[in-house]
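Student: Contents of structure-v7.tsv (TSV, N, CA and C atoms) are given next:
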chain	number	residue	atom	x	y	z
N	1	MET	N	88.49	90.24	83.90
N	1	MET	CA	87.72	90.86	84.95
N	1	MET	C	88.01	90.14	86.26
N	2	MET	N	88.05	90.90	87.35
N	2	MET	CA	88.27	90.32	88.66
N	2	MET	C	87.07	89.46	89.03
N	3	ARG	N	87.35	88.32	89.62
N	3	ARG	CA	86.30	87.41	90.04
N	3	ARG	C	86.40	87.26	91.56
N	4	PRO	N	85.60	88.03	92.31
N	4	PRO	CA	85.67	87.92	93.76
N	4	PRO	C	85.18	86.55	94.23
N	5	THR	N	85.81	86.06	95.29
N	5	THR	CA	85.44	84.79	95.90
N	5	THR	C	85.53	84.93	97.41
N	6	LEU	N	85.01	83.96	98.12
N	6	LEU	CA	85.20	83.91	99.56
N	6	LEU	C	86.54	83.23	99.84
N	7	ASP	N	87.18	83.63	100.94
N	7	ASP	CA	88.41	82.94	101.33
N	7	ASP	C	88.06	81.58	101.90
N	8	ALA	N	89.07	80.78	102.23
N	8	ALA	CA	88.84	79.41	102.69
N	8	ALA	C	87.99	79.37	103.96
N	9	ALA	N	88.16	80.33	104.84
N	9	ALA	CA	87.39	80.35	106.08
N	9	ALA	C	85.97	80.85	105.87
N	10	GLY	N	85.73	81.49	104.74
N	10	GLY	CA	84.40	81.99	104.43
N	10	GLY	C	84.03	83.27	105.15
N	11	ASP	N	85.04	83.99	105.69
N	11	ASP	CA	84.71	85.21	106.42
N	11	ASP	C	85.29	86.48	105.81
N	12	HIS	N	85.91	86.36	104.63
N	12	HIS	CA	86.42	87.52	103.90
N	12	HIS	C	86.21	87.32	102.41
N	13	VAL	N	86.05	88.42	101.71
N	13	VAL	CA	85.95	88.37	100.25
N	13	VAL	C	87.34	88.59	99.69
N	14	ARG	N	87.74	87.74	98.76
N	14	ARG	CA	89.03	87.87	98.08
N	14	ARG	C	88.81	88.52	96.72
N	15	LEU	N	89.69	89.44	96.36
N	15	LEU	CA	89.71	90.01	95.02
N	15	LEU	C	91.02	89.58	94.38
N	16	PRO	N	91.06	88.39	93.80
N	16	PRO	CA	92.32	87.90	93.26
N	16	PRO	C	92.83	88.77	92.11
N	17	VAL	N	94.10	89.08	92.18
N	17	VAL	CA	94.75	89.83	91.11
N	17	VAL	C	95.29	88.78	90.15
N	18	GLY	N	94.70	88.72	88.99
N	18	GLY	CA	95.04	87.67	88.03
N	18	GLY	C	96.33	87.92	87.29
N	19	ASP	N	96.78	86.90	86.62
N	19	ASP	CA	97.99	86.98	85.81
N	19	ASP	C	97.89	88.07	84.75
N	20	ASP	N	96.67	88.35	84.31
N	20	ASP	CA	96.52	89.37	83.27
N	20	ASP	C	96.91	90.76	83.79
N	21	LEU	N	96.94	90.96	85.10
N	21	LEU	CA	97.36	92.24	85.67
N	21	LEU	C	98.83	92.21	86.11
N	22	LEU	N	99.24	91.12	86.73
N	22	LEU	CA	100.59	91.04	87.27
N	22	LEU	C	101.64	90.64	86.25
N	23	ALA	N	101.30	89.74	85.36
N	23	ALA	CA	102.29	89.22	84.42
N	23	ALA	C	102.96	90.32	83.60
N	24	PRO	N	102.23	91.24	82.98
N	24	PRO	CA	102.90	92.28	82.19
N	24	PRO	C	103.82	93.17	83.05
N	25	LEU	N	103.39	93.46	84.26
N	25	LEU	CA	104.22	94.28	85.16
N	25	LEU	C	105.52	93.56	85.50
N	26	LEU	N	105.41	92.29	85.89
N	26	LEU	CA	106.61	91.53	86.23
N	26	LEU	C	107.50	91.31	85.01
N	27	ASP	N	106.91	91.05	83.87
N	27	ASP	CA	107.69	90.87	82.64
N	27	ASP	C	108.48	92.14	82.32
N	28	SER	N	107.81	93.28	82.39
N	28	SER	CA	108.47	94.55	82.08
N	28	SER	C	109.58	94.87	83.09
N	29	LEU	N	109.36	94.55	84.34
N	29	LEU	CA	110.39	94.78	85.36
N	29	LEU	C	111.60	93.88	85.10
N	30	ALA	N	111.35	92.64	84.72
N	30	ALA	CA	112.45	91.72	84.41
N	30	ALA	C	113.24	92.21	83.19
N	31	ILE	N	112.54	92.71	82.19
N	31	ILE	CA	113.21	93.23	81.00
N	31	ILE	C	114.03	94.47	81.37
N	32	ALA	N	113.46	95.34	82.20
N	32	ALA	CA	114.20	96.53	82.65
N	32	ALA	C	115.46	96.12	83.39
N	33	TYR	N	115.37	95.06	84.17
N	33	TYR	CA	116.54	94.58	84.90
N	33	TYR	C	117.63	94.08	83.95
N	34	THR	N	117.23	93.36	82.91
N	34	THR	CA	118.23	92.86	81.97
N	34	THR	C	118.88	93.99	81.19
N	35	GLU	N	118.12	95.07	80.97
N	35	GLU	CA	118.67	96.21	80.23
N	35	GLU	C	119.61	97.07	81.07
N	36	ASP	N	119.37	97.13	82.39
N	36	ASP	CA	120.22	97.94	83.27
N	36	ASP	C	120.23	97.30	84.66
N	37	PRO	N	120.94	96.17	84.80
N	37	PRO	CA	120.88	95.43	86.07
N	37	PRO	C	121.42	96.21	87.27
N	38	ASP	N	122.41	97.05	87.06
N	38	ASP	CA	122.95	97.80	88.20
N	38	ASP	C	121.92	98.76	88.77
N	39	THR	N	121.32	99.55	87.90
N	39	THR	CA	120.36	100.55	88.38
N	39	THR	C	119.10	99.90	88.93
N	40	VAL	N	118.52	98.98	88.17
N	40	VAL	CA	117.28	98.34	88.62
N	40	VAL	C	117.53	97.49	89.86
N	41	GLY	N	118.66	96.81	89.91
N	41	GLY	CA	119.01	96.04	91.10
N	41	GLY	C	119.15	96.93	92.32
N	42	HIS	N	119.79	98.08	92.13
N	42	HIS	CA	119.93	99.04	93.23
N	42	HIS	C	118.56	99.55	93.68
N	43	LEU	N	117.69	99.88	92.72
N	43	LEU	CA	116.34	100.35	93.05
N	43	LEU	C	115.55	99.27	93.80
N	44	LEU	N	115.68	98.02	93.37
N	44	LEU	CA	114.98	96.93	94.06
N	44	LEU	C	115.49	96.79	95.50
N	45	ALA	N	116.80	96.85	95.68
N	45	ALA	CA	117.37	96.73	97.02
N	45	ALA	C	116.93	97.91	97.91
N	46	CYS	N	116.94	99.11	97.35
N	46	CYS	CA	116.49	100.29	98.10
N	46	CYS	C	115.02	100.17	98.46
N	47	HIS	N	114.22	99.72	97.50
N	47	HIS	CA	112.79	99.58	97.79
N	47	HIS	C	112.56	98.52	98.86
N	48	ALA	N	113.30	97.44	98.82
N	48	ALA	CA	113.16	96.41	99.85
N	48	ALA	C	113.46	97.00	101.22
N	49	ASP	N	114.52	97.79	101.33
N	49	ASP	CA	114.85	98.44	102.60
N	49	ASP	C	113.72	99.35	103.06
N	50	ARG	N	113.20	100.15	102.12
N	50	ARG	CA	112.13	101.09	102.47
N	50	ARG	C	110.85	100.34	102.85
N	51	ALA	N	110.54	99.27	102.13
N	51	ALA	CA	109.33	98.50	102.43
N	51	ALA	C	109.44	97.83	103.80
N	52	LEU	N	110.60	97.31	104.14
N	52	LEU	CA	110.79	96.70	105.46
N	52	LEU	C	110.71	97.74	106.57
N	53	ALA	N	111.28	98.92	106.33
N	53	ALA	CA	111.22	99.99	107.33
N	53	ALA	C	109.77	100.43	107.53
N	54	LEU	N	109.01	100.52	106.45
N	54	LEU	CA	107.60	100.89	106.55
N	54	LEU	C	106.82	99.82	107.30
N	55	ASP	N	107.06	98.56	106.99
N	55	ASP	CA	106.38	97.47	107.67
N	55	ASP	C	106.63	97.54	109.17
N	56	PHE	N	107.88	97.74	109.56
N	56	PHE	CA	108.21	97.85	110.97
N	56	PHE	C	107.49	99.03	111.60
N	57	ALA	N	107.52	100.18	110.94
N	57	ALA	CA	106.90	101.39	111.47
N	57	ALA	C	105.39	101.23	111.64
N	58	GLN	N	104.76	100.54	110.70
N	58	GLN	CA	103.31	100.38	110.77
N	58	GLN	C	102.87	99.49	111.91
N	59	PHE	N	103.70	98.53	112.29
N	59	PHE	CA	103.28	97.56	113.29
N	59	PHE	C	103.96	97.72	114.65
N	60	SER	N	104.81	98.73	114.77
N	60	SER	CA	105.46	99.00	116.05
N	60	SER	C	104.72	100.11	116.78
N	61	GLU	N	104.33	99.83	118.00
N	61	GLU	CA	103.60	100.83	118.78
N	61	GLU	C	104.50	101.98	119.22
N	62	SER	N	105.82	101.78	119.19
N	62	SER	CA	106.73	102.81	119.68
N	62	SER	C	107.13	103.82	118.59
N	63	VAL	N	106.72	103.59	117.35
N	63	VAL	CA	107.10	104.49	116.27
N	63	VAL	C	106.07	105.61	116.17
N	64	PRO	N	106.51	106.87	116.26
N	64	PRO	CA	105.57	108.00	116.16
N	64	PRO	C	104.92	108.08	114.77
N	65	GLU	N	103.75	108.68	114.72
N	65	GLU	CA	102.99	108.78	113.47
N	65	GLU	C	103.78	109.51	112.38
N	66	HIS	N	104.50	110.55	112.73
N	66	HIS	CA	105.24	111.30	111.70
N	66	HIS	C	106.34	110.43	111.08
N	67	VAL	N	106.91	109.50	111.85
N	67	VAL	CA	107.91	108.59	111.30
N	67	VAL	C	107.25	107.59	110.37
N	68	ARG	N	106.05	107.12	110.72
N	68	ARG	CA	105.30	106.23	109.82
N	68	ARG	C	105.05	106.92	108.48
N	69	ASN	N	104.67	108.19	108.55
N	69	ASN	CA	104.41	108.95	107.33
N	69	ASN	C	105.67	109.11	106.49
N	70	ILE	N	106.79	109.34	107.14
N	70	ILE	CA	108.07	109.46	106.42
N	70	ILE	C	108.41	108.14	105.74
N	71	ARG	N	108.26	107.03	106.47
N	71	ARG	CA	108.57	105.71	105.91
N	71	ARG	C	107.65	105.40	104.72
N	72	ALA	N	106.38	105.77	104.82
N	72	ALA	CA	105.44	105.54	103.71
N	72	ALA	C	105.86	106.36	102.49
N	73	ALA	N	106.26	107.60	102.70
N	73	ALA	CA	106.70	108.45	101.59
N	73	ALA	C	107.96	107.90	100.95
N	74	GLU	N	108.88	107.40	101.76
N	74	GLU	CA	110.11	106.82	101.21
N	74	GLU	C	109.81	105.58	100.37
N	75	ALA	N	108.91	104.73	100.86
N	75	ALA	CA	108.53	103.53	100.11
N	75	ALA	C	107.81	103.92	98.81
N	76	ASP	N	106.95	104.92	98.89
N	76	ASP	CA	106.28	105.41	97.67
N	76	ASP	C	107.31	105.90	96.66
N	77	GLY	N	108.33	106.58	97.13
N	77	GLY	CA	109.36	107.12	96.24
N	77	GLY	C	110.13	106.05	95.51
N	78	THR	N	110.56	105.01	96.22
N	78	THR	CA	111.31	103.95	95.55
N	78	THR	C	110.40	103.12	94.65
N	79	ARG	N	109.14	102.95	95.07
N	79	ARG	CA	108.18	102.23	94.22
N	79	ARG	C	107.96	102.99	92.92
N	80	GLU	N	107.80	104.30	93.02
N	80	GLU	CA	107.61	105.12	91.83
N	80	GLU	C	108.84	105.08	90.92
N	81	ALA	N	110.03	105.07	91.53
N	81	ALA	CA	111.26	105.00	90.73
N	81	ALA	C	111.32	103.68	89.96
N	82	LEU	N	110.90	102.60	90.59
N	82	LEU	CA	110.87	101.31	89.90
N	82	LEU	C	109.81	101.31	88.80
N	83	LEU	N	108.64	101.83	89.11
N	83	LEU	CA	107.58	101.84	88.10
N	83	LEU	C	107.92	102.74	86.92
N	84	ALA	N	108.78	103.72	87.13
N	84	ALA	CA	109.20	104.58	86.02
N	84	ALA	C	109.97	103.78	84.98
N	85	ARG	N	110.50	102.63	85.36
N	85	ARG	CA	111.23	101.75	84.45
N	85	ARG	C	110.31	100.83	83.66
N	86	VAL	N	109.01	100.87	83.96
N	86	VAL	CA	108.04	99.96	83.35
N	86	VAL	C	107.10	100.78	82.47
N	87	PRO	N	106.79	100.30	81.26
N	87	PRO	CA	105.86	101.03	80.40
N	87	PRO	C	104.53	101.30	81.10
N	88	ALA	N	103.96	102.46	80.86
N	88	ALA	CA	102.72	102.89	81.53
N	88	ALA	C	101.59	101.89	81.35
N	89	GLU	N	101.48	101.29	80.17
N	89	GLU	CA	100.36	100.37	79.93
N	89	GLU	C	100.46	99.10	80.77
N	90	ASP	N	101.66	98.79	81.28
N	90	ASP	CA	101.83	97.60	82.10
N	90	ASP	C	101.61	97.87	83.58
N	91	GLN	N	101.40	99.12	83.96
N	91	GLN	CA	101.21	99.43	85.37
N	91	GLN	C	99.88	100.09	85.66
N	92	ALA	N	99.03	100.17	84.66
N	92	ALA	CA	97.74	100.84	84.84
N	92	ALA	C	96.80	100.00	85.70
N	93	ASP	N	95.95	100.69	86.43
N	93	ASP	CA	94.92	100.01	87.20
N	93	ASP	C	93.93	99.38	86.22
N	94	PRO	N	93.26	98.31	86.67
N	94	PRO	CA	92.26	97.71	85.79
N	94	PRO	C	91.16	98.72	85.47
N	95	ARG	N	90.70	98.71	84.26
N	95	ARG	CA	89.60	99.59	83.84
N	95	ARG	C	88.41	98.70	83.51
N	96	LEU	N	87.27	99.07	84.05
N	96	LEU	CA	86.06	98.28	83.87
N	96	LEU	C	85.04	99.08	83.09
N	97	THR	N	84.35	98.39	82.21
N	97	THR	CA	83.21	99.02	81.55
N	97	THR	C	82.10	99.18	82.60
N	98	ALA	N	81.09	99.93	82.27
N	98	ALA	CA	79.98	100.11	83.22
N	98	ALA	C	79.34	98.77	83.56
N	99	ASP	N	79.14	97.92	82.55
N	99	ASP	CA	78.54	96.60	82.80
N	99	ASP	C	79.44	95.74	83.68
N	100	ASP	N	80.75	95.75	83.41
N	100	ASP	CA	81.67	94.97	84.23
N	100	ASP	C	81.71	95.48	85.67
N	101	ALA	N	81.66	96.79	85.84
N	101	ALA	CA	81.66	97.37	87.19
N	101	ALA	C	80.40	96.98	87.95
N	102	ILE	N	79.27	96.99	87.27
N	102	ILE	CA	78.01	96.58	87.92
N	102	ILE	C	78.06	95.11	88.28
N	103	THR	N	78.59	94.28	87.39
N	103	THR	CA	78.72	92.85	87.66
N	103	THR	C	79.62	92.62	88.87
N	104	LEU	N	80.76	93.31	88.92
N	104	LEU	CA	81.68	93.16	90.04
N	104	LEU	C	81.02	93.62	91.33
N	105	ALA	N	80.35	94.76	91.30
N	105	ALA	CA	79.67	95.26	92.49
N	105	ALA	C	78.60	94.29	92.97
N	106	THR	N	77.87	93.70	92.05
N	106	THR	CA	76.83	92.74	92.41
N	106	THR	C	77.44	91.51	93.08
N	107	ARG	N	78.54	91.01	92.52
N	107	ARG	CA	79.21	89.84	93.11
N	107	ARG	C	79.74	90.16	94.50
N	108	LEU	N	80.37	91.34	94.64
N	108	LEU	CA	80.90	91.74	95.95
N	108	LEU	C	79.77	91.84	96.98
N	109	THR	N	78.67	92.45	96.58
N	109	THR	CA	77.53	92.61	97.49
N	109	THR	C	76.98	91.25	97.90
N	110	ARG	N	76.84	90.35	96.94
N	110	ARG	CA	76.31	89.01	97.23
N	110	ARG	C	77.22	88.27	98.21
N	111	LEU	N	78.54	88.33	97.99
N	111	LEU	CA	79.47	87.64	98.88
N	111	LEU	C	79.50	88.27	100.27
N	112	ALA	N	79.48	89.58	100.33
N	112	ALA	CA	79.47	90.26	101.62
N	112	ALA	C	78.18	89.94	102.39
N	113	ALA	N	77.07	89.88	101.69
N	113	ALA	CA	75.80	89.53	102.34
N	113	ALA	C	75.86	88.10	102.87
N	114	HIS	N	76.48	87.21	102.13
N	114	HIS	CA	76.64	85.82	102.57
N	114	HIS	C	77.43	85.76	103.87
N	115	ILE	N	78.53	86.51	103.94
N	115	ILE	CA	79.34	86.54	105.16
N	115	ILE	C	78.53	87.10	106.31
N	116	ARG	N	77.87	88.22	106.10
N	116	ARG	CA	77.08	88.85	107.16
N	116	ARG	C	75.97	87.92	107.65
N	117	HIS	N	75.31	87.25	106.73
N	117	HIS	CA	74.23	86.32	107.08
N	117	HIS	C	74.76	85.21	107.99
N	118	HIS	N	75.90	84.62	107.63
N	118	HIS	CA	76.44	83.52	108.42
N	118	HIS	C	76.97	83.99	109.77
N	119	ARG	N	77.54	85.18	109.83
N	119	ARG	CA	78.00	85.72	111.12
N	119	ARG	C	76.82	86.01	112.03
N	120	THR	N	75.77	86.57	111.46
N	120	THR	CA	74.59	86.91	112.24
N	120	THR	C	73.94	85.65	112.79
N	121	ASN	N	73.85	84.61	111.96
N	121	ASN	CA	73.25	83.35	112.40
N	121	ASN	C	74.08	82.68	113.49
N	122	ARG	N	75.42	82.78	113.41
N	122	ARG	CA	76.29	82.21	114.44
N	122	ARG	C	76.12	82.94	115.76
N	123	ASN	N	75.98	84.26	115.70
N	123	ASN	CA	75.89	85.06	116.91
N	123	ASN	C	74.55	84.92	117.61
N	124	HIS	N	73.51	84.47	116.90
N	124	HIS	CA	72.18	84.35	117.49
N	124	HIS	C	71.92	82.95	118.06
N	125	ARG	N	72.86	82.09	117.95
N	125	ARG	CA	72.64	80.72	118.45
N	125	ARG	C	73.01	80.60	119.88
Mind turning the file's structure into structure tokens?

Tutor:
Amino acid sequence: MMRPTLDAAGDHVRLPVGDDLLAPLLDSLAIAYTEDPDTVGHLLACHADRALALDFAQFSESVPEHVRNIRAAEADGTREALLARVPAEDQADPRLTADDAITLATRLTRLAAHIRHHRTNRNHR
């Protein structure tokens, strides 16, 4: 289960993605690479290009919105192509039971309230 925490500055809530979520995905991607290094290597290189183009488009004021949308779609496409090489069970979003979801929501609310309380107290001094 995700364990939210405050960041070092105490002004944001962190939702750390644990090894239990990332490790199987990375392991499966590495195995896919060993099975077909040319194709997976090409997909990784293409995705890197698309991700960098999207990053530039998102943070450049001179890039029109329709170009940002195109770059996002291109990055989604290469990401999906890579994920198609990974078993579905290794790429699924975390699933929470009702109790786990309530626990997570309670922790998030408590941490967010802590941040708001400290910001409010700083601003009133």

Student: With a distance cut-off of 12 Å and only C-alpha atoms, select the neighbouring residues of segment 82-88 of chain N, excluding the residue or stretch itself and same-chain residues fewer than 4 positions from it, and output the selection as a PDB file with N, CA and C atoms, keeping the file's coordinate frame.

Tutor:
ATOM      1  N   PRO N  24     102.230  91.240  82.980  1.00  0.00           N
ATOM      2  CA  PRO N  24     102.900  92.280  82.190  1.00  0.00           C
ATOM      3  C   PRO N  24     103.820  93.170  83.050  1.00  0.00           C
ATOM      4  N   LEU N  25     103.390  93.460  84.260  1.00  0.00           N
ATOM      5  CA  LEU N  25     104.220  94.280  85.160  1.00  0.00           C
ATOM      6  C   LEU N  25     105.520  93.560  85.500  1.00  0.00           C
ATOM      7  N   LEU N  26     105.410  92.290  85.890  1.00  0.00           N
ATOM      8  CA  LEU N  26     106.610  91.530  86.230  1.00  0.00           C
ATOM      9  C   LEU N  26     107.500  91.310  85.010  1.00  0.00           C
ATOM     10  N   ASP N  27     106.910  91.050  83.870  1.00  0.00           N
ATOM     11  CA  ASP N  27     107.690  90.870  82.640  1.00  0.00           C
ATOM     12  C   ASP N  27     108.480  92.140  82.320  1.00  0.00           C
ATOM     13  N   SER N  28     107.810  93.280  82.390  1.00  0.00           N
ATOM     14  CA  SER N  28     108.470  94.550  82.080  1.00  0.00           C
ATOM     15  C   SER N  28     109.580  94.870  83.090  1.00  0.00           C
ATOM     16  N   LEU N  29     109.360  94.550  84.340  1.00  0.00           N
ATOM     17  CA  LEU N  29     110.390  94.780  85.360  1.00  0.00           C
ATOM     18  C   LEU N  29     111.600  93.880  85.100  1.00  0.00           C
ATOM     19  N   ALA N  30     111.350  92.640  84.720  1.00  0.00           N
ATOM     20  CA  ALA N  30     112.450  91.720  84.410  1.00  0.00           C
ATOM     21  C   ALA N  30     113.240  92.210  83.190  1.00  0.00           C
ATOM     22  N   ILE N  31     112.540  92.710  82.190  1.00  0.00           N
ATOM     23  CA  ILE N  31     113.210  93.230  81.000  1.00  0.00           C
ATOM     24  C   ILE N  31     114.030  94.470  81.370  1.00  0.00           C
ATOM     25  N   ALA N  32     113.460  95.340  82.200  1.00  0.00           N
ATOM     26  CA  ALA N  32     114.200  96.530  82.650  1.00  0.00           C
ATOM     27  C   ALA N  32     115.460  96.120  83.390  1.00  0.00           C
ATOM     28  N   TYR N  33     115.370  95.060  84.170  1.00  0.00           N
ATOM     29  CA  TYR N  33     116.540  94.580  84.900  1.00  0.00           C
ATOM     30  C   TYR N  33     117.630  94.080  83.950  1.00  0.00           C
ATOM     31  N   THR N  34     117.230  93.360  82.910  1.00  0.00           N
ATOM     32  CA  THR N  34     118.230  92.860  81.970  1.00  0.00           C
ATOM     33  C   THR N  34     118.880  93.990  81.190  1.00  0.00           C
ATOM     34  N   GLU N  35     118.120  95.070  80.970  1.00  0.00           N
ATOM     35  CA  GLU N  35     118.670  96.210  80.230  1.00  0.00           C
ATOM     36  C   GLU N  35     119.610  97.070  81.070  1.00  0.00           C
ATOM     37  N   ASP N  36     119.370  97.130  82.390  1.00  0.00           N
ATOM     38  CA  ASP N  36     120.220  97.940  83.270  1.00  0.00           C
ATOM     39  C   ASP N  36     120.230  97.300  84.660  1.00  0.00           C
ATOM     40  N   PRO N  37     120.940  96.170  84.800  1.00  0.00           N
ATOM     41  CA  PRO N  37     120.880  95.430  86.070  1.00  0.00           C
ATOM     42  C   PRO N  37     121.420  96.210  87.270  1.00  0.00           C
ATOM     43  N   THR N  39     121.320  99.550  87.900  1.00  0.00           N
ATOM     44  CA  THR N  39     120.360 100.550  88.380  1.00  0.00           C
ATOM     45  C   THR N  39     119.100  99.900  88.930  1.00  0.00           C
ATOM     46  N   VAL N  40     118.520  98.980  88.170  1.00  0.00           N
ATOM     47  CA  VAL N  40     117.280  98.340  88.620  1.00  0.00           C
ATOM     48  C   VAL N  40     117.530  97.490  89.860  1.00  0.00           C
ATOM     49  N   GLY N  41     118.660  96.810  89.910  1.00  0.00           N
ATOM     50  CA  GLY N  41     119.010  96.040  91.100  1.00  0.00           C
ATOM     51  C   GLY N  41     119.150  96.930  92.320  1.00  0.00           C
ATOM     52  N   HIS N  42     119.790  98.080  92.130  1.00  0.00           N
ATOM     53  CA  HIS N  42     119.930  99.040  93.230  1.00  0.00           C
ATOM     54  C   HIS N  42     118.560  99.550  93.680  1.00  0.00           C
ATOM     55  N   LEU N  43     117.690  99.880  92.720  1.00  0.00           N
ATOM     56  CA  LEU N  43     116.340 100.350  93.050  1.00  0.00           C
ATOM     57  C   LEU N  43     115.550  99.270  93.800  1.00  0.00           C
ATOM     58  N   LEU N  44     115.680  98.020  93.370  1.00  0.00           N
ATOM     59  CA  LEU N  44     114.980  96.930  94.060  1.00  0.00           C
ATOM     60  C   LEU N  44     115.490  96.790  95.500  1.00  0.00           C
ATOM     61  N   ALA N  45     116.800  96.850  95.680  1.00  0.00           N
ATOM     62  CA  ALA N  45     117.370  96.730  97.020  1.00  0.00           C
ATOM     63  C   ALA N  45     116.930  97.910  97.910  1.00  0.00           C
ATOM     64  N   CYS N  46     116.940  99.110  97.350  1.00  0.00           N
ATOM     65  CA  CYS N  46     116.490 100.290  98.100  1.00  0.00           C
ATOM     66  C   CYS N  46     115.020 100.170  98.460  1.00  0.00           C
ATOM     67  N   HIS N  47     114.220  99.720  97.500  1.00  0.00           N
ATOM     68  CA  HIS N  47     112.790  99.580  97.790  1.00  0.00           C
ATOM     69  C   HIS N  47     112.560  98.520  98.860  1.00  0.00           C
ATOM     70  N   ALA N  48     113.300  97.440  98.820  1.00  0.00           N
ATOM     71  CA  ALA N  48     113.160  96.410  99.850  1.00  0.00           C
ATOM     72  C   ALA N  48     113.460  97.000 101.220  1.00  0.00           C
ATOM     73  N   ALA N  75     108.910 104.730 100.860  1.00  0.00           N
ATOM     74  CA  ALA N  75     108.530 103.530 100.110  1.00  0.00           C
ATOM     75  C   ALA N  75     107.810 103.920  98.810  1.00  0.00           C
ATOM     76  N   ASP N  76     106.950 104.920  98.890  1.00  0.00           N
ATOM     77  CA  ASP N  76     106.280 105.410  97.670  1.00  0.00           C
ATOM     78  C   ASP N  76     107.310 105.900  96.660  1.00  0.00           C
ATOM     79  N   GLY N  77     108.330 106.580  97.130  1.00  0.00           N
ATOM     80  CA  GLY N  77     109.360 107.120  96.240  1.00  0.00           C
ATOM     81  C   GLY N  77     110.130 106.050  95.510  1.00  0.00           C
ATOM     82  N   THR N  78     110.560 105.010  96.220  1.00  0.00           N
ATOM     83  CA  THR N  78     111.310 103.950  95.550  1.00  0.00           C
ATOM     84  C   THR N  78     110.400 103.120  94.650  1.00  0.00           C
ATOM     85  N   ALA N  92      99.030 100.170  84.660  1.00  0.00           N
ATOM     86  CA  ALA N  92      97.740 100.840  84.840  1.00  0.00           C
ATOM     87  C   ALA N  92      96.800 100.000  85.700  1.00  0.00           C
ATOM     88  N   ASP N  93      95.950 100.690  86.430  1.00  0.00           N
ATOM     89  CA  ASP N  93      94.920 100.010  87.200  1.00  0.00           C
ATOM     90  C   ASP N  93      93.930  99.380  86.220  1.00  0.00           C
TER      91      ASP N  93
END

Student: Give me, as a PyMOL selection string, all polymer residues having an atom no more than 8 Å from Leu108 of chain N, counting all atoms listed in the file and skipping those fewer than 4 positions away in the same chain.

Tutor: chain N and resi 3-5+13+102-104+112-114

Student: Could you work out how far atom CA of Asp99 of chain N lies from atom CA of Arg116 of chain N, giving the answer in Å with one decimal?

Tutor: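 Between these atoms lies a distance of 25.6 Å.
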
Student: Every residue with an atom at most 12 Å from (79.7, 85.0, 105.0) (file coordinates; only C-alpha atoms) is what I'm after, so could you write them as a PyMOL selection string?

Tutor: chain N and resi 5-14+108-122

Student: Quick check, in Å to one decimal: how far apart do atom CA of Ala72 of chain N and atom N of Ala51 of chain N lie?

Tutor: 8.2 Å

Student: If you run DSSP on the backbone, which residues of chain N are strand (DSSP E or B), as a list of chain:residue names?

Tutor: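 Those in chain N that DSSP calls strand (DSSP E or B) are N:Thr5, N:Leu6, N:Val13, N:Arg14.
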
Student: Among chain N, which residues does DSSP mark as alpha helix (DSSP H) when it is run on the backbone? Keep the chain and numbering as in the structure and answer as number ranges by chain.

Tutor: N: 19-35, 37-59, 65-83, 98-123

Student: Counting only C-alpha atoms, which residue out of N:Gln91, N:Leu96, N:Ala73, N:Ala105 sits closest to Ala23 of chain N?

Tutor: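 The shortest atom-to-atom distance to Ala23 of chain N comes from N:Gln91.
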
Student: Point out the residue among N:Met2, N:Arg71, N:Arg50, N:Leu22 with the least atom-to-atom distance to Asp90 of chain N, counting only C-alpha atoms.

Tutor: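 That would be N:Leu22, the residue with the smallest distance to Asp90 of chain N.
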
Student: Complete the atoms of segment 21-28 of chain N to N, CA, C and O atoms and put them out as an mmCIF file, in the coordinates of the input.

Tutor:
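Output below, filename result.cif:
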data_model
loop_
_atom_site.group_PDB
_atom_site.id
_atom_site.type_symbol
_atom_site.label_atom_id
_atom_site.label_comp_id
_atom_site.auth_asym_id
_atom_site.auth_seq_id
_atom_site.Cartn_x
_atom_site.Cartn_y
_atom_site.Cartn_z
ATOM 1 N N LEU N 21 96.940 90.960 85.100
ATOM 2 C CA LEU N 21 97.360 92.240 85.670
ATOM 3 C C LEU N 21 98.830 92.210 86.110
ATOM 4 O O LEU N 21 99.564 93.169 85.898
ATOM 5 N N LEU N 22 99.240 91.120 86.730
ATOM 6 C CA LEU N 22 100.590 91.040 87.270
ATOM 7 C C LEU N 22 101.640 90.640 86.250
ATOM 8 O O LEU N 22 102.764 91.149 86.286
ATOM 9 N N ALA N 23 101.300 89.740 85.360
ATOM 10 C CA ALA N 23 102.290 89.220 84.420
ATOM 11 C C ALA N 23 102.960 90.320 83.600
ATOM 12 O O ALA N 23 104.203 90.355 83.530
ATOM 13 N N PRO N 24 102.230 91.240 82.980
ATOM 14 C CA PRO N 24 102.900 92.280 82.190
ATOM 15 C C PRO N 24 103.820 93.170 83.050
ATOM 16 O O PRO N 24 104.894 93.560 82.607
ATOM 17 N N LEU N 25 103.390 93.460 84.260
ATOM 18 C CA LEU N 25 104.220 94.280 85.160
ATOM 19 C C LEU N 25 105.520 93.560 85.500
ATOM 20 O O LEU N 25 106.613 94.129 85.405
ATOM 21 N N LEU N 26 105.410 92.290 85.890
ATOM 22 C CA LEU N 26 106.610 91.530 86.230
ATOM 23 C C LEU N 26 107.500 91.310 85.010
ATOM 24 O O LEU N 26 108.740 91.388 85.127
ATOM 25 N N ASP N 27 106.910 91.050 83.870
ATOM 26 C CA ASP N 27 107.690 90.870 82.640
ATOM 27 C C ASP N 27 108.480 92.140 82.320
ATOM 28 O O ASP N 27 109.666 92.085 82.004
ATOM 29 N N SER N 28 107.810 93.280 82.390
ATOM 30 C CA SER N 28 108.470 94.550 82.080
ATOM 31 C C SER N 28 109.580 94.870 83.090
ATOM 32 O O SER N 28 110.640 95.372 82.725
#
